[in-house]
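Okay, structure first, notes after.
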Amino acid sequence: MKVLIVASHNCGKYSSFVSEQAESTKKKNTQIDYFPVEGKGFRGYWRNREKLLKKIEEYHPDIIHAHYGLSGLLANLQREVPVVTTFHGSDIHSGGIWLLLSKICMYLSAFNIFVSRRIYETAKYKKSNYAILPCGTDTHTFFELPKDEARNDLGWEQNGKYVLFAGAFENKVKNYALAQKAVTLVNGCQLIELKGYDRVQVNLLMNACDCLLMTSDKEASPMVIKEAMLCGCPIISVDVGDVKDMISGIVGCFIVRREPEDIADKLLHIFELRERTDGRNRIIQSGLDLSDIARRIQTIYEDVYKIHARK
């Protein structure tokens, strides 16, 4: 089966969760090619239309898999090849015109994938051609290491208190201000910005830190949470996206109120325990590693192809 991935390439590369998922389906006897969408907003995406039609004519895909609503809408401007669209969150919870365009895409797509139930519920999609399916995590890239070794590699103090912030400080959606207020209530605590690191370095950070802190205003199914779980990293998060479902019942992981005092209280608890979590087993048992998700994606491709072939 030949699948064409349609996704944003504005940063000079595809998002890691897009490329990792696509490459993992290759192992399931699926042939993969990519179409890079360059441009922003509806007009920016529209300018890719002719190039996409040419790519479809040259590659002859059986399925197009688009990531995010605007890519899905672009892919659906042709009606010969069935489109599977994955909605990752910002295309839904941004609301307004973006939600409207995403809804048009949903009703045009042969199949829709929502990465979390909350995103699906926000979209209020009524038809049955959908699945709630988070992106898979790479169990080979993210794994547990001794904390002292990870800290040595990073040049950190062995007795320091390090909290890894789940994103870039300037990203307003991540709500750095709340995290900063909480950390200032804990003496000697350092907040580390998760920005500008490659995947190997992120694995080191997650093994070296005392916990991952997420204070985001909006999320869907944040990959950073699942990656931290694979590293056995304790997690403190507000109730956002599917985080509560992911970490519920795991010792050393906490859902907190959006209050600095509550976050600080849980930070003190984690610093006192100084233990890693059993998050890795939760990910594996839940079938959220790349290979398991690839099998489910492959099944979706096959079902969509069969339905389309009968038309």
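Scheme for the structure tokens: letters A, B, ... for chains in order shown; per-chain residue numbers from 1; ligand numbers from 1 in order shown.
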Compile the contact shell of Cys209 of chain A as a ChimeraX atom specification: residues with an atom at most 6 Å away, counting only C-alpha atoms, same-chain residues fewer than 2 positions apart removed. /A:162-163,205-207,211
Deliver the residues from the most recent selection as a file, using N, CA and C atoms, as a PDB file, in the first residue's frame.
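The new file out33.pdb reads:
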ATOM      1  N   TYR A 162      16.190  19.968  40.411  1.00  0.00           N
ATOM      2  CA  TYR A 162      15.975  20.365  39.018  1.00  0.00           C
ATOM      3  C   TYR A 162      14.578  19.958  38.555  1.00  0.00           C
ATOM      4  N   VAL A 163      13.853  20.938  38.023  1.00  0.00           N
ATOM      5  CA  VAL A 163      12.506  20.700  37.488  1.00  0.00           C
ATOM      6  C   VAL A 163      12.529  21.029  36.005  1.00  0.00           C
ATOM      7  N   LEU A 205      17.919  14.727  29.962  1.00  0.00           N
ATOM      8  CA  LEU A 205      17.251  15.687  30.838  1.00  0.00           C
ATOM      9  C   LEU A 205      16.161  15.021  31.668  1.00  0.00           C
ATOM     10  N   MET A 206      15.383  14.149  31.029  1.00  0.00           N
ATOM     11  CA  MET A 206      14.278  13.501  31.729  1.00  0.00           C
ATOM     12  C   MET A 206      14.769  12.512  32.786  1.00  0.00           C
ATOM     13  N   ASN A 207      15.952  11.968  32.565  1.00  0.00           N
ATOM     14  CA  ASN A 207      16.530  11.061  33.554  1.00  0.00           C
ATOM     15  C   ASN A 207      17.276  11.799  34.656  1.00  0.00           C
ATOM     16  N   CYS A 211      11.712  16.044  38.313  1.00  0.00           N
ATOM     17  CA  CYS A 211      10.371  15.838  37.786  1.00  0.00           C
ATOM     18  C   CYS A 211      10.154  16.709  36.558  1.00  0.00           C
TER      19      CYS A 211
END
Might you pull out every residue within 10 Å of segment 198-200 of chain A, with only C-alpha atoms counted and same-chain residues fewer than 5 positions away left off, and present them as a PyMOL selection string? chain A and resi 16+141-142+205
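With only C-alpha atoms as the basis for measurement, A:Ala110 is the residue among A:Ala110, A:Ile32, A:Cys11, A:Ala168 that approaches Val83 of chain A most closely.
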Fewer than 2 positions away in the same chain doesn't count, so skip those; otherwise give me all residues within 6 Å of Asp289 of chain A, counting only C-alpha atoms, as a PyMOL selection string. chain A and resi 136-137+287+291-292
When you look at Lys2 of chain A with a cut-off of 10 Å (counting only C-alpha atoms), what residues show up, excluding the ones that are within fewer than 4 positions of it in the same chain? I need them as a ChimeraX atom specification. /A:26,29-33,59-64,301
With distances taken over only C-alpha atoms, which of A:Cys135, A:Glu121, A:Gly196, A:Val6 is nearest to Leu74 of chain A?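 For Leu74 of chain A, the nearest of the candidates is A:Val6.
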Give the strand (DSSP E or B) residues of segment 153-203 of chain A, as assigned by DSSP on the backbone, as a list in words. Lys161, Tyr162, Val163, Leu164, Phe165, Cys189, Gln190, Leu191, Ile192 and Glu193 of chain A
Could those residues be written to a file, using C-alpha atoms, as an mmCIF file, in the first residue's frame?
data_model
loop_
_atom_site.group_PDB
_atom_site.id
_atom_site.type_symbol
_atom_site.label_atom_id
_atom_site.label_comp_id
_atom_site.auth_asym_id
_atom_site.auth_seq_id
_atom_site.Cartn_x
_atom_site.Cartn_y
_atom_site.Cartn_z
ATOM 1 C CA LYS A 161 16.774 20.318 42.736
ATOM 2 C CA TYR A 162 15.975 20.365 39.018
ATOM 3 C CA VAL A 163 12.506 20.700 37.488
ATOM 4 C CA LEU A 164 12.112 20.262 33.730
ATOM 5 C CA PHE A 165 9.521 22.642 32.296
ATOM 6 C CA CYS A 189 14.789 24.752 42.965
ATOM 7 C CA GLN A 190 15.874 25.336 39.356
ATOM 8 C CA LEU A 191 13.435 25.375 36.435
ATOM 9 C CA ILE A 192 14.975 24.019 33.217
ATOM 10 C CA GLU A 193 13.565 25.175 29.873
#
Quick one: residues within 9 Å of Leu52 of chain A, only C-alpha atoms, excluding same-chain residues fewer than 5 positions away - as a PyMOL selection string? chain A and resi 6+35-37+57+74-75
Of the residues A:Glu20, A:Glu272, A:Asp239, A:Asp91, which is the one nearest to Ala123 of chain A, using only C-alpha atoms? A:Asp91
Report as a PyMOL selection string: the residues of segment 73-256 of chain A with a DSSP assignment of helix (DSSP H, G or I), based on the backbone of this structure. chain A and resi 73-75+90-93+96-108+117-123+147-154+172-174+176-183+199-208+223-230+243-247
